Structures are given as structure tokens and as C-alpha cells.
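This report refers to the structure that appears directly beneath it.
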Amino acid sequence: MSDNTDIDTVPAGAGGVGETDRTDRTDRTDRAGGAARAASDRRGLAGLRGRLAGANVLWIFLVLVGLMTFFSVIEPNFTNPVNLRSIAADNAPLLVLAVGMTYVIISAGIDLSVGSVLIFSGVVAAKTMLWLGGGADASVGAANAGWGVTLAGCAAGVLGGTAWGLLNGLLVAKARIPSLIATLGTLGMALGAAYLITDGTDVRGIPLNFTRTIGFGLALGVVPWLCVIAAVITVLLGLVLAFTKFGLRTYAIGSNAEAARRVGIPVDWHLIRVYALSGMLAGVAGCLSLAHYTTTTISGHTTDNLAAIAAVVLGGASLFGGSGAVAGTVIGLLIPAVLQKGFITIQVNPYWQYIAVGAVLVLAVYFDQLRRRARERG
Amino acid sequence: MVDAADSAGRADSAGPLLEARGLVKTYGHVQALDGAHFTVSEGEVVALVGDNGAGKSTLVKCLAGAETPDRGEIRFAGRAISLPGPTAARRLGIETVFQDLALAPDLDPAMNLFLGRELRRAGVLGRLGALDRRRMWAEAATAFRELGVELRSMRVPVATLSGGQRQSVAVARAVAWATKVVFMDEPTAALGVVQRGRVLDVIRRVRDRGVAVVLISHNMPEVLSVADRVEVLRLGRRVASFRAADTSLEELVGAMTGALRTEDAA
């Protein structure tokens, strides 16, 4: 065999190619695409190298560890359980939103409506609880109502959120309205509906059993119930995204929707389900928020959608779709949270958080762009 | 078994496997197909040639279910059928390598191979939708090896592969699933000389398996070397059909440009 033959040119199973000969060639033309056997030996390493999205998550994780270390060195009190617990509990509803957003962004869409849907769901849940459990005394509301009332209210809230998500999905998949515009529309509509239902004043008097357990209670006396619920949802949906057909198809659609359509994947139906999931999670987050703040907080949450998007993007997902992971989103959510608490702890003005997070976000997207350009060239 | 079949007509094993009769397709003012005929039989390699805009890609899209013709008839194994979508075609064992490859760049070659036909784990987890990635990787590795496609890793995104490797993945996917017909729209366009030879080998091997192969190509020497028959399209109609062994480059070019008039032409 001639010496200048590239490894790529050796047909698989070609006769007369000695084993040593082949190995030798692989060494010499390492980058030209090696033999299958050598590839399988290096599979772990090559897979790691190839998974640049995974590497993104690793970087962002190191940033988080660095921040935690930095704050706890300056102020050892930073890592005490009470502090960590409050970081986790305050961000539980946002985490639930961000998990849904992860699916939407991986499918190459965006859901701006989640914050409004959260408010709407909270209002629907609270109103349902008052309607079912409200006594004669209007100042008490449904404060003394039982768990049945609480659960019915939560179910109504989650259903309300799912309905908005379904509408988003139909607008995006069937009416072919770009998700940015479709969900901007439902952002306004859901918020308007919440204001109409409440006349612009927060709903109070929700059952105490709800706020005392879900809102402030600790499971086994250690972990806030809010965090337990958010964690279960996150882990479950993280597994679904990483290991199931539904997850794989979400990546495929975000990567190349036309290719997915051509192999017979019901793309429209899949997208409707993804947006419905996001709406449903916004409904769950609405209930969690209702329990945590004991009221509907209709004037809050206006930037929750952006916080959720930032978390997903910081976590290594690409706004072009096709890449990202729930684990990344969790880290991407914790960075702003830690910065905020950290600045307060070390007595730096916490408003710096916004500037720091904004800068990190822009950098994260810049690196994603670099990565894509390099990939297209390669 | 096949929802695409209109179940009119009789099975005819001696006739062509897939046949287009008088297909018409217009896009706005553009008449892409103007009563085009086409036939391909089991175990036959047919090259579809013609100048740019002759209607080759449109014809293939109609026969692969990616487009619906305005008029005309498609017959499969002697029966008139309608192909409402690519899924209907695939259920008949018809696979297509599109010119744009239609791969998901963020997924690895194995997941692309199994996209839409994902393997699930056994048991409860499988029923919940859990994928059997290990088996997909293993089976994809076998499929690629059989085609002589050498990939450094089965677990890197397709986007990180070279153009030729990407094309090989698309070809491997179509060939792995096709049981009756494979359409290949310019399958060697992005390939170097050696990889091109390998794809041609694959085409012959698939043909020997009894599968019909329809090849669109601008490369006439390649067409003459691999095809059993050559059908020439011009302005949306079939203007000639040659046995590859009996024709020449000059004759093909003559038919493509209209210098030579034969069957079907008005």
C-alpha cells in the first residue's frame, strides 16, 4: 500500500491491510478520522471533547463553586444552613418556571408568558380557594378551610396555566406565529385577565394549612417543602429530557424541525405539548408562589420570564435550539441567586447583582456564538 | 396494512415496482412537472438526469411523499397509491436521501439514524419512553461499518463531522431502513473521489439486496458506471429512457438539452 494513502481512503475490511500498518496510520493521521476500533477505545474522551454543551455546563458550574467559595471566605456565615435554605426556598417557583423554559428553548422557541401565567394561575387558585372555602366572615376568607379546598384551588391554578400553555403551543405550531410574538401576546392577555379577575388588588385569605406547610414548612424538619416539590419536578423532568424519546425529539425539533418532520415525528403536536408543559409548570409555580407569599403578588413576577430565560441560557442552552440541559438550568438559576444573597451578606449593594448577571449572560451567549461559528467552519 | 394504498388494481410482480404516470406539479407560475412518467423495478439502479429545473427533485419528492402531485398517478407494486406524507412512503419501504440531508446537527450519528424510530428499553422504563441508547449506538455502528463509513465517534454531534461524513450518515440512514426503494438526490455532491466510490459501491450492494435505487446526479460518467437504466427529464417530462450499457455521454447530453427527441416528447 502506498505511503501517502489517507486513513479515510482505506475501505473497511479491505484485504491486505495489516493490523500494525493500520494502527501506524491512525497515529500519523490522527485528525483525519481514525479507525473504528481506535475510536471506540477513545470513545469516552472523544465524547467528552465533542460534547461542548456539556463543557459549557462544567464551566458555569465552576463559576458557581467559585462564587460560593468567594462569599464564604469573606463571610463564613454565608454557607450556614439558614442562609442556603432561604436561597433555595426563594427561588423554588422560579426554578419550576426555568425547567419548563429549558424544554421550550431546546425546541428553538421562547416563552415570554410564564411570569404572567404564574400570576394568573395564582389568582385562579386563590379565587377558587376563597369561593370553595370562604366563610361568612370576609376578613378571614378561606383561612380555616381544609386540604380539600387547598388542593382544588391548586388544581384549578395548574389547569389555568396549562390552558395558557396550550394556547401558546397552538399559536406557535398551528398558526405559525413566531414564539417571541405569540408568547408576548399571551403575556399581556394572561396579566390582563389576572387584573380583571382581581380588580387589580391582591387576593388574601388563602388557607393557612397551605401557607404553613407548603409555604414555610420544612419536610422532616430540614428542607423547605417548596424546595422538595421544585426538586422532584426538576429531577423528574431532567430525566425525561435526557433519557426519553420525548426528550430526544425535543432536541431534534430544535436542531432541525424540517428533518424531524421528514422522519415522521409529529412536530406540531410535540411543540404543543412542550408549550403546554411550560404553561403547566407556570401554574405549579403560581401555586408555590401563592403559598410562599400568602397572597397573589400580582404586581411582582414581571421579570420572572427574563430570569428564567437567563437561567436556561447561562446553563448552556442555545437560543437557536437543539442544546441545553436541566442540570445547566439549575446552575444558571443559582448564580444570580447566590450573587444576590452574597452581595447582601458581604454588604455590597445587592443591585450590583443585576449588572453582574447581565454581563455573565452576554458573555455566555457570546461564547455560544463562537462555538457555533467554529462548528460551522469545522 | 398500508393506509396509503387506494387498493385499486391488481398486484403485478412482473411489472415495475414504482411507477409515475403523467405527474403534474406546479408552484405558482412554475410548472415543475408537466405530465412526467417514471418507472423503476426491483433490484434496478435507475439514474434520473436532466438539466437544472428539469423537475428531477420535484419528481423524487412526489414519489417519496414529500410533495403531493397536482395530477397524475403513482403506482406501487401494480397498485395505485397516494402518498400523503413521507411516513406513508416509509411504511412502504421507500427511503430518501434529500439534497439538504435532513439531519439534526445537534444529535449524534446514531440518534440521527434512529430518529423517528427510536429504540426503547425493555420493561416499565421503556413503556415510560426511556431510550435504549446503548443498543442504538451498537446497531448504528454496525450499519455504518457495513457501508464502510468510518466515524471517529458515534457520540459527537453530526455538526462536528465533515460534509462528506454527514452525507454518508444521511445515505446510511436511508439504506439501513429501505426495503423497496431508495431515492438519492445528489448523494455524492459533497464527497471526495474515494468516498464517492464508496457510495457507488453502497448503491450496487443495495441493488443486489433487491432494493430499487433511484439516483439523481449531474455526474454523467458516474451515472453510466453505476446505473442499469437512465431516464432523462426535460422541462418536467420524461424525454428518453436508455439502457446504460447501450448509451453514451453524447446521447444523454443530447436528450437533456433537447437536441435529441425520443419518447413522450410532444
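A note on labels: chains of the C-alpha cells are A, B, ... as shown, every chain counts residues from 1, and ligands are counted from 1 in their shown order.
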Set out as JSON lines a contact list for stretch 42-160 of chain B and stretch 237-259 of chain A with a cut-off of 10 Å, giving each residue of stretch 42-160 of chain B that qualifies its closest atom pair and distance in Å to one decimal, counting only C-alpha atoms, ordered by chain and rising residue number.
```
{"residue": "B:Phe98", "atom": "CA", "partner": "A:Ala259", "partner_atom": "CA", "distance": 9.8}
{"residue": "B:Asp100", "atom": "CA", "partner": "A:Ala259", "partner_atom": "CA", "distance": 9.3}
{"residue": "B:Leu101", "atom": "CA", "partner": "A:Ala259", "partner_atom": "CA", "distance": 8.2}
{"residue": "B:Ala102", "atom": "CA", "partner": "A:Ala259", "partner_atom": "CA", "distance": 4.4}
{"residue": "B:Leu103", "atom": "CA", "partner": "A:Ala259", "partner_atom": "CA", "distance": 5.7}
{"residue": "B:Ala104", "atom": "CA", "partner": "A:Asn256", "partner_atom": "CA", "distance": 5.1}
{"residue": "B:Pro105", "atom": "CA", "partner": "A:Ser255", "partner_atom": "CA", "distance": 6.1}
{"residue": "B:Asp106", "atom": "CA", "partner": "A:Ser255", "partner_atom": "CA", "distance": 5.8}
{"residue": "B:Leu107", "atom": "CA", "partner": "A:Ala252", "partner_atom": "CA", "distance": 6.9}
{"residue": "B:Met111", "atom": "CA", "partner": "A:Leu248", "partner_atom": "CA", "distance": 8.4}
{"residue": "B:Asn112", "atom": "CA", "partner": "A:Ala252", "partner_atom": "CA", "distance": 8.6}
{"residue": "B:Leu115", "atom": "CA", "partner": "A:Arg249", "partner_atom": "CA", "distance": 7.9}
{"residue": "B:Gly116", "atom": "CA", "partner": "A:Arg249", "partner_atom": "CA", "distance": 8.1}
{"residue": "B:Arg117", "atom": "CA", "partner": "A:Lys245", "partner_atom": "CA", "distance": 9.5}
{"residue": "B:Glu118", "atom": "CA", "partner": "A:Lys245", "partner_atom": "CA", "distance": 6.9}
{"residue": "B:Leu119", "atom": "CA", "partner": "A:Lys245", "partner_atom": "CA", "distance": 8.6}
{"residue": "B:Arg120", "atom": "CA", "partner": "A:Lys245", "partner_atom": "CA", "distance": 7.8}
{"residue": "B:Arg121", "atom": "CA", "partner": "A:Thr244", "partner_atom": "CA", "distance": 9.7}
{"residue": "B:Leu125", "atom": "CA", "partner": "A:Thr244", "partner_atom": "CA", "distance": 9.1}
{"residue": "B:Gly126", "atom": "CA", "partner": "A:Thr244", "partner_atom": "CA", "distance": 8.5}
{"residue": "B:Leu128", "atom": "CA", "partner": "A:Thr244", "partner_atom": "CA", "distance": 7.8}
{"residue": "B:Gly129", "atom": "CA", "partner": "A:Thr244", "partner_atom": "CA", "distance": 5.0}
{"residue": "B:Ala130", "atom": "CA", "partner": "A:Thr244", "partner_atom": "CA", "distance": 4.2}
{"residue": "B:Leu131", "atom": "CA", "partner": "A:Thr244", "partner_atom": "CA", "distance": 5.1}
{"residue": "B:Asp132", "atom": "CA", "partner": "A:Phe243", "partner_atom": "CA", "distance": 8.6}
{"residue": "B:Arg133", "atom": "CA", "partner": "A:Phe243", "partner_atom": "CA", "distance": 8.5}
```
message: Just want the 6 Å neighbourhood of stretch 164-179 of chain B, counted on only C-alpha atoms, with same-chain residues fewer than 2 positions away dropped. Output as a list of chain:residue names.
response: B:Gly93, B:Ile94, B:Glu95, B:Thr96, B:Val97, B:Leu101, B:Leu113, B:Leu161, B:Ser162, B:Ala190, B:Leu191
task: Write down as a ChimeraX atom specification the residues of stretch 113-323 of chain A whose backbone DSSP state falls under strand (DSSP E or B).
output: /A:218-219,223-224,244
Quick one: write out the picked residues with C-alpha atoms as a compact mmCIF listing (two decimals), in the first residue's frame?
```txt
# COMPACT_ATOMS: atom_id res chain seq x y z
CA LEU A 218 -39.91 22.06 56.43
CA ALA A 219 -40.06 18.47 55.26
CA VAL A 223 -35.78 21.02 53.85
CA PRO A 224 -38.48 23.52 52.89
CA THR A 244 -36.65 9.52 26.88
```
- prompt: Excluding same-chain residues fewer than 5 positions from A:Ala88, what lies within 9 Å of it counting only C-alpha atoms, as a PyMOL selection string?
  reply: chain A and resi 83+224+226-227+334+337
Just the selected residues (N, CA, C and O atoms), exported as a PDB file, in the first residue's frame, please.
```
ATOM      1  N   ASN A  83     -29.173  30.346  55.690  1.00  0.00           N
ATOM      2  CA  ASN A  83     -28.942  31.178  54.516  1.00  0.00           C
ATOM      3  C   ASN A  83     -29.193  30.388  53.237  1.00  0.00           C
ATOM      4  O   ASN A  83     -29.907  30.833  52.325  1.00  0.00           O
ATOM      5  N   PRO A 224     -37.191  22.892  53.156  1.00  0.00           N
ATOM      6  CA  PRO A 224     -38.485  23.523  52.892  1.00  0.00           C
ATOM      7  C   PRO A 224     -39.299  22.690  51.900  1.00  0.00           C
ATOM      8  O   PRO A 224     -38.741  22.179  50.919  1.00  0.00           O
ATOM      9  N   LEU A 226     -41.290  23.720  49.734  1.00  0.00           N
ATOM     10  CA  LEU A 226     -41.168  24.366  48.425  1.00  0.00           C
ATOM     11  C   LEU A 226     -40.035  23.744  47.613  1.00  0.00           C
ATOM     12  O   LEU A 226     -40.173  23.459  46.427  1.00  0.00           O
ATOM     13  N   CYS A 227     -38.906  23.547  48.315  1.00  0.00           N
ATOM     14  CA  CYS A 227     -37.727  23.019  47.629  1.00  0.00           C
ATOM     15  C   CYS A 227     -37.936  21.561  47.269  1.00  0.00           C
ATOM     16  O   CYS A 227     -37.496  21.120  46.201  1.00  0.00           O
ATOM     17  N   LEU A 334     -28.926  29.358  39.981  1.00  0.00           N
ATOM     18  CA  LEU A 334     -28.307  29.573  41.288  1.00  0.00           C
ATOM     19  C   LEU A 334     -27.287  30.707  41.257  1.00  0.00           C
ATOM     20  O   LEU A 334     -27.061  31.366  42.271  1.00  0.00           O
ATOM     21  N   ALA A 337     -28.904  33.946  42.050  1.00  0.00           N
ATOM     22  CA  ALA A 337     -29.407  33.840  43.416  1.00  0.00           C
ATOM     23  C   ALA A 337     -28.278  33.985  44.426  1.00  0.00           C
ATOM     24  O   ALA A 337     -28.398  34.708  45.424  1.00  0.00           O
TER      25      ALA A 337
END
```
message: From the options B:Arg75, B:Lys56, B:Arg134, B:Lys25, which residue's atoms come nearest to chain A, counting only C-alpha atoms?
response: B:Arg134
Sorted by chain and rising residue number, list the residues of stretch 207-277 of chain A at most 9 Å from stretch 163-186 of chain A (counting only C-alpha atoms), each with its closest atom pair and distance in Å to one decimal, as JSON lines.
```
{"residue": "A:Val267", "atom": "CA", "partner": "A:Ala173", "partner_atom": "CA", "distance": 8.0}
{"residue": "A:Asp268", "atom": "CA", "partner": "A:Ala173", "partner_atom": "CA", "distance": 4.9}
{"residue": "A:Trp269", "atom": "CA", "partner": "A:Ala173", "partner_atom": "CA", "distance": 7.6}
{"residue": "A:His270", "atom": "CA", "partner": "A:Ala173", "partner_atom": "CA", "distance": 8.8}
{"residue": "A:Leu271", "atom": "CA", "partner": "A:Gly169", "partner_atom": "CA", "distance": 6.1}
{"residue": "A:Ile272", "atom": "CA", "partner": "A:Gly169", "partner_atom": "CA", "distance": 3.9}
{"residue": "A:Arg273", "atom": "CA", "partner": "A:Gly169", "partner_atom": "CA", "distance": 7.0}
{"residue": "A:Val274", "atom": "CA", "partner": "A:Gly169", "partner_atom": "CA", "distance": 7.3}
{"residue": "A:Tyr275", "atom": "CA", "partner": "A:Gly169", "partner_atom": "CA", "distance": 5.0}
{"residue": "A:Ala276", "atom": "CA", "partner": "A:Gly165", "partner_atom": "CA", "distance": 3.9}
{"residue": "A:Leu277", "atom": "CA", "partner": "A:Gly165", "partner_atom": "CA", "distance": 6.8}
```
task: Could you check which of B:Gly28, B:Pro109, B:Gly258, B:Gly43 is closest to B:Val213, using only C-alpha atoms?
output: B:Gly43
field: helix (DSSP H, G or I) call set, DSSP backbone run, stretch 56-263 of chain B, as a VMD selection string
entry: chain B and resid 56 to 63 86 to 91 109 to 114 123 to 127 133 to 146 158 to 160 163 to 177 193 to 208 220 to 226 244 to 246 249 to 257
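Distance-wise, atom CA of B:Asp201 and atom CA of B:Arg229 end up 16.8 Å apart.
The residue that comes closest to chain A, out of B:Arg237, B:Arg209, B:Arg243, B:Arg198 and on the basis of only C-alpha atoms, is B:Arg198.
The residue that comes closest to B:Leu233, out of B:Ala255, B:Ile203, B:Ala110, B:Ala88 and on the basis of only C-alpha atoms, is B:Ala255.
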List the spatial neighbours of A:Thr128 as a PDB file with all heavy atoms, in the first residue's frame - criterion: any atom at most 10 Å away, only C-alpha atoms, same-chain residues fewer than 2 positions off excluded.
```pdb
ATOM      1  N   GLY A 122     -51.937  31.824  40.043  1.00  0.00           N
ATOM      2  CA  GLY A 122     -52.039  32.119  41.461  1.00  0.00           C
ATOM      3  C   GLY A 122     -53.394  32.737  41.782  1.00  0.00           C
ATOM      4  O   GLY A 122     -54.039  32.374  42.771  1.00  0.00           O
ATOM      5  N   VAL A 123     -53.824  33.648  40.913  1.00  0.00           N
ATOM      6  CA  VAL A 123     -55.119  34.310  41.119  1.00  0.00           C
ATOM      7  C   VAL A 123     -56.255  33.289  41.032  1.00  0.00           C
ATOM      8  O   VAL A 123     -57.151  33.266  41.877  1.00  0.00           O
ATOM      9  CB  VAL A 123     -55.302  35.443  40.078  1.00  0.00           C
ATOM     10  CG1 VAL A 123     -56.756  35.888  40.015  1.00  0.00           C
ATOM     11  CG2 VAL A 123     -54.388  36.612  40.407  1.00  0.00           C
ATOM     12  N   VAL A 124     -56.204  32.455  40.002  1.00  0.00           N
ATOM     13  CA  VAL A 124     -57.266  31.449  39.820  1.00  0.00           C
ATOM     14  C   VAL A 124     -57.294  30.495  41.017  1.00  0.00           C
ATOM     15  O   VAL A 124     -58.361  30.174  41.552  1.00  0.00           O
ATOM     16  CB  VAL A 124     -57.059  30.670  38.507  1.00  0.00           C
ATOM     17  CG1 VAL A 124     -57.967  29.441  38.464  1.00  0.00           C
ATOM     18  CG2 VAL A 124     -57.338  31.566  37.310  1.00  0.00           C
ATOM     19  N   ALA A 125     -56.100  30.077  41.479  1.00  0.00           N
ATOM     20  CA  ALA A 125     -56.032  29.173  42.625  1.00  0.00           C
ATOM     21  C   ALA A 125     -56.619  29.838  43.869  1.00  0.00           C
ATOM     22  O   ALA A 125     -57.451  29.255  44.575  1.00  0.00           O
ATOM     23  CB  ALA A 125     -54.582  28.753  42.873  1.00  0.00           C
ATOM     24  N   ALA A 126     -56.200  31.085  44.122  1.00  0.00           N
ATOM     25  CA  ALA A 126     -56.660  31.793  45.320  1.00  0.00           C
ATOM     26  C   ALA A 126     -58.165  32.026  45.278  1.00  0.00           C
ATOM     27  O   ALA A 126     -58.873  31.804  46.264  1.00  0.00           O
ATOM     28  CB  ALA A 126     -55.925  33.132  45.443  1.00  0.00           C
ATOM     29  N   LEU A 130     -61.039  30.668  47.882  1.00  0.00           N
ATOM     30  CA  LEU A 130     -61.976  31.545  48.594  1.00  0.00           C
ATOM     31  C   LEU A 130     -63.415  31.159  48.288  1.00  0.00           C
ATOM     32  O   LEU A 130     -64.274  31.153  49.158  1.00  0.00           O
ATOM     33  CB  LEU A 130     -61.739  33.003  48.178  1.00  0.00           C
ATOM     34  CG  LEU A 130     -60.496  33.660  48.752  1.00  0.00           C
ATOM     35  CD1 LEU A 130     -60.381  35.092  48.265  1.00  0.00           C
ATOM     36  CD2 LEU A 130     -60.524  33.622  50.270  1.00  0.00           C
ATOM     37  N   TRP A 131     -63.654  30.830  47.022  1.00  0.00           N
ATOM     38  CA  TRP A 131     -65.009  30.505  46.582  1.00  0.00           C
ATOM     39  C   TRP A 131     -65.499  29.232  47.268  1.00  0.00           C
ATOM     40  O   TRP A 131     -66.635  29.136  47.717  1.00  0.00           O
ATOM     41  CB  TRP A 131     -64.990  30.364  45.061  1.00  0.00           C
ATOM     42  CG  TRP A 131     -66.280  29.929  44.448  1.00  0.00           C
ATOM     43  CD1 TRP A 131     -67.502  30.535  44.584  1.00  0.00           C
ATOM     44  CD2 TRP A 131     -66.469  28.795  43.606  1.00  0.00           C
ATOM     45  NE1 TRP A 131     -68.437  29.863  43.865  1.00  0.00           N
ATOM     46  CE2 TRP A 131     -67.837  28.780  43.245  1.00  0.00           C
ATOM     47  CE3 TRP A 131     -65.637  27.803  43.099  1.00  0.00           C
ATOM     48  CZ2 TRP A 131     -68.381  27.790  42.423  1.00  0.00           C
ATOM     49  CZ3 TRP A 131     -66.166  26.834  42.270  1.00  0.00           C
ATOM     50  CH2 TRP A 131     -67.532  26.823  41.940  1.00  0.00           C
ATOM     51  N   LEU A 132     -64.592  28.227  47.356  1.00  0.00           N
ATOM     52  CA  LEU A 132     -64.991  26.942  47.936  1.00  0.00           C
ATOM     53  C   LEU A 132     -64.969  26.965  49.458  1.00  0.00           C
ATOM     54  O   LEU A 132     -65.777  26.321  50.113  1.00  0.00           O
ATOM     55  CB  LEU A 132     -64.054  25.823  47.438  1.00  0.00           C
ATOM     56  CG  LEU A 132     -64.176  25.430  45.971  1.00  0.00           C
ATOM     57  CD1 LEU A 132     -63.085  24.427  45.618  1.00  0.00           C
ATOM     58  CD2 LEU A 132     -65.547  24.844  45.686  1.00  0.00           C
ATOM     59  N   GLY A 133     -64.016  27.732  50.032  1.00  0.00           N
ATOM     60  CA  GLY A 133     -63.780  27.623  51.474  1.00  0.00           C
ATOM     61  C   GLY A 133     -64.102  28.877  52.251  1.00  0.00           C
ATOM     62  O   GLY A 133     -63.888  28.934  53.464  1.00  0.00           O
ATOM     63  N   GLY A 134     -64.553  29.918  51.549  1.00  0.00           N
ATOM     64  CA  GLY A 134     -64.810  31.182  52.224  1.00  0.00           C
ATOM     65  C   GLY A 134     -66.002  31.090  53.162  1.00  0.00           C
ATOM     66  O   GLY A 134     -67.069  30.650  52.763  1.00  0.00           O
ATOM     67  N   ALA A 142     -60.732  32.236  53.368  1.00  0.00           N
ATOM     68  CA  ALA A 142     -60.740  30.780  53.461  1.00  0.00           C
ATOM     69  C   ALA A 142     -59.642  30.294  54.380  1.00  0.00           C
ATOM     70  O   ALA A 142     -59.162  29.169  54.253  1.00  0.00           O
ATOM     71  CB  ALA A 142     -60.596  30.171  52.073  1.00  0.00           C
ATOM     72  N   VAL A 149     -60.094  22.020  49.945  1.00  0.00           N
ATOM     73  CA  VAL A 149     -60.196  23.336  49.304  1.00  0.00           C
ATOM     74  C   VAL A 149     -58.859  23.739  48.714  1.00  0.00           C
ATOM     75  O   VAL A 149     -58.769  24.212  47.574  1.00  0.00           O
ATOM     76  CB  VAL A 149     -60.686  24.376  50.346  1.00  0.00           C
ATOM     77  CG1 VAL A 149     -60.555  25.780  49.777  1.00  0.00           C
ATOM     78  CG2 VAL A 149     -62.107  24.078  50.768  1.00  0.00           C
ATOM     79  N   THR A 150     -57.793  23.513  49.478  1.00  0.00           N
ATOM     80  CA  THR A 150     -56.451  23.862  49.006  1.00  0.00           C
ATOM     81  C   THR A 150     -56.112  23.129  47.712  1.00  0.00           C
ATOM     82  O   THR A 150     -55.662  23.734  46.733  1.00  0.00           O
ATOM     83  CB  THR A 150     -55.409  23.489  50.085  1.00  0.00           C
ATOM     84  OG1 THR A 150     -55.717  24.209  51.260  1.00  0.00           O
ATOM     85  CG2 THR A 150     -54.004  23.816  49.618  1.00  0.00           C
ATOM     86  N   LEU A 151     -56.360  21.823  47.735  1.00  0.00           N
ATOM     87  CA  LEU A 151     -55.996  21.020  46.559  1.00  0.00           C
ATOM     88  C   LEU A 151     -56.833  21.415  45.350  1.00  0.00           C
ATOM     89  O   LEU A 151     -56.306  21.519  44.230  1.00  0.00           O
ATOM     90  CB  LEU A 151     -56.169  19.529  46.861  1.00  0.00           C
ATOM     91  CG  LEU A 151     -55.109  18.965  47.797  1.00  0.00           C
ATOM     92  CD1 LEU A 151     -55.392  17.503  48.122  1.00  0.00           C
ATOM     93  CD2 LEU A 151     -53.711  19.105  47.204  1.00  0.00           C
ATOM     94  N   ALA A 152     -58.133  21.671  45.573  1.00  0.00           N
ATOM     95  CA  ALA A 152     -58.982  22.070  44.455  1.00  0.00           C
ATOM     96  C   ALA A 152     -58.486  23.377  43.863  1.00  0.00           C
ATOM     97  O   ALA A 152     -58.432  23.546  42.634  1.00  0.00           O
ATOM     98  CB  ALA A 152     -60.427  22.213  44.938  1.00  0.00           C
ATOM     99  N   GLY A 153     -58.109  24.304  44.741  1.00  0.00           N
ATOM    100  CA  GLY A 153     -57.580  25.583  44.256  1.00  0.00           C
ATOM    101  C   GLY A 153     -56.320  25.386  43.442  1.00  0.00           C
ATOM    102  O   GLY A 153     -56.164  25.966  42.358  1.00  0.00           O
ATOM    103  N   CYS A 154     -55.406  24.554  43.935  1.00  0.00           N
ATOM    104  CA  CYS A 154     -54.155  24.305  43.208  1.00  0.00           C
ATOM    105  C   CYS A 154     -54.436  23.657  41.862  1.00  0.00           C
ATOM    106  O   CYS A 154     -53.837  24.029  40.845  1.00  0.00           O
ATOM    107  CB  CYS A 154     -53.221  23.414  44.032  1.00  0.00           C
ATOM    108  SG  CYS A 154     -52.533  24.271  45.458  1.00  0.00           S
ATOM    109  N   ALA A 155     -55.385  22.697  41.853  1.00  0.00           N
ATOM    110  CA  ALA A 155     -55.719  22.036  40.590  1.00  0.00           C
ATOM    111  C   ALA A 155     -56.236  23.056  39.590  1.00  0.00           C
ATOM    112  O   ALA A 155     -55.833  23.054  38.406  1.00  0.00           O
ATOM    113  CB  ALA A 155     -56.768  20.951  40.830  1.00  0.00           C
ATOM    114  N   ALA A 156     -57.089  23.969  40.058  1.00  0.00           N
ATOM    115  CA  ALA A 156     -57.612  25.000  39.157  1.00  0.00           C
ATOM    116  C   ALA A 156     -56.487  25.879  38.632  1.00  0.00           C
ATOM    117  O   ALA A 156     -56.452  26.220  37.437  1.00  0.00           O
ATOM    118  CB  ALA A 156     -58.650  25.839  39.899  1.00  0.00           C
ATOM    119  N   GLY A 157     -55.559  26.241  39.501  1.00  0.00           N
ATOM    120  CA  GLY A 157     -54.432  27.075  39.081  1.00  0.00           C
ATOM    121  C   GLY A 157     -53.582  26.387  38.024  1.00  0.00           C
ATOM    122  O   GLY A 157     -53.219  26.981  37.006  1.00  0.00           O
ATOM    123  N   ILE A 206     -56.034  33.040  51.918  1.00  0.00           N
ATOM    124  CA  ILE A 206     -55.976  31.659  51.459  1.00  0.00           C
ATOM    125  C   ILE A 206     -55.730  30.739  52.652  1.00  0.00           C
ATOM    126  O   ILE A 206     -55.256  31.191  53.699  1.00  0.00           O
ATOM    127  CB  ILE A 206     -54.885  31.483  50.385  1.00  0.00           C
ATOM    128  CG1 ILE A 206     -53.520  31.860  50.926  1.00  0.00           C
ATOM    129  CG2 ILE A 206     -55.217  32.294  49.142  1.00  0.00           C
ATOM    130  CD1 ILE A 206     -52.397  31.422  50.051  1.00  0.00           C
TER     131      ILE A 206
END
```
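From atom CA of B:Ile81 back to atom CA of B:Leu215, the distance works out to 21.9 Å.
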task: Find the spatial neighbours of A:Gly315, counting only C-alpha atoms, within a cut-off of 8 Å - ignore same-chain residues fewer than 2 positions away - and output them as an NGL selection string.
output: :A and (56-57 or 60 or 311-313 or 317 or 324-333)
message: Can you tell me which residues surround A:Ile344 at a distance of at most 12 Å, considering only C-alpha atoms, apart from same-chain residues fewer than 3 positions away, and format the answer as an NGL selection string?
response: :A and (71 or 75 or 77-78 or 83 or 87 or 337-341 or 347-353)
Just C-alpha atoms for this one: save the residues we selected as a compact mmCIF listing (two decimals), in the first residue's frame.
```txt
# COMPACT_ATOMS: atom_id res chain seq x y z
CA PHE A 71 -18.53 34.69 49.51
CA GLU A 75 -18.15 35.93 55.24
CA ASN A 77 -21.66 32.84 57.75
CA PHE A 78 -22.67 32.69 54.07
CA ASN A 83 -28.94 31.18 54.52
CA ILE A 87 -31.78 30.99 48.83
CA ALA A 337 -29.41 33.84 43.42
CA VAL A 338 -26.01 33.36 45.05
CA LEU A 339 -24.78 36.71 43.77
CA GLN A 340 -27.76 38.48 45.27
CA LYS A 341 -27.51 36.80 48.66
CA GLN A 347 -22.62 44.26 52.45
CA VAL A 348 -22.18 45.24 48.84
CA ASN A 349 -25.19 46.96 47.32
CA PRO A 350 -27.28 43.98 46.02
CA TYR A 351 -28.23 45.97 42.92
CA TRP A 352 -24.79 45.04 41.60
CA GLN A 353 -26.30 41.60 41.10
```
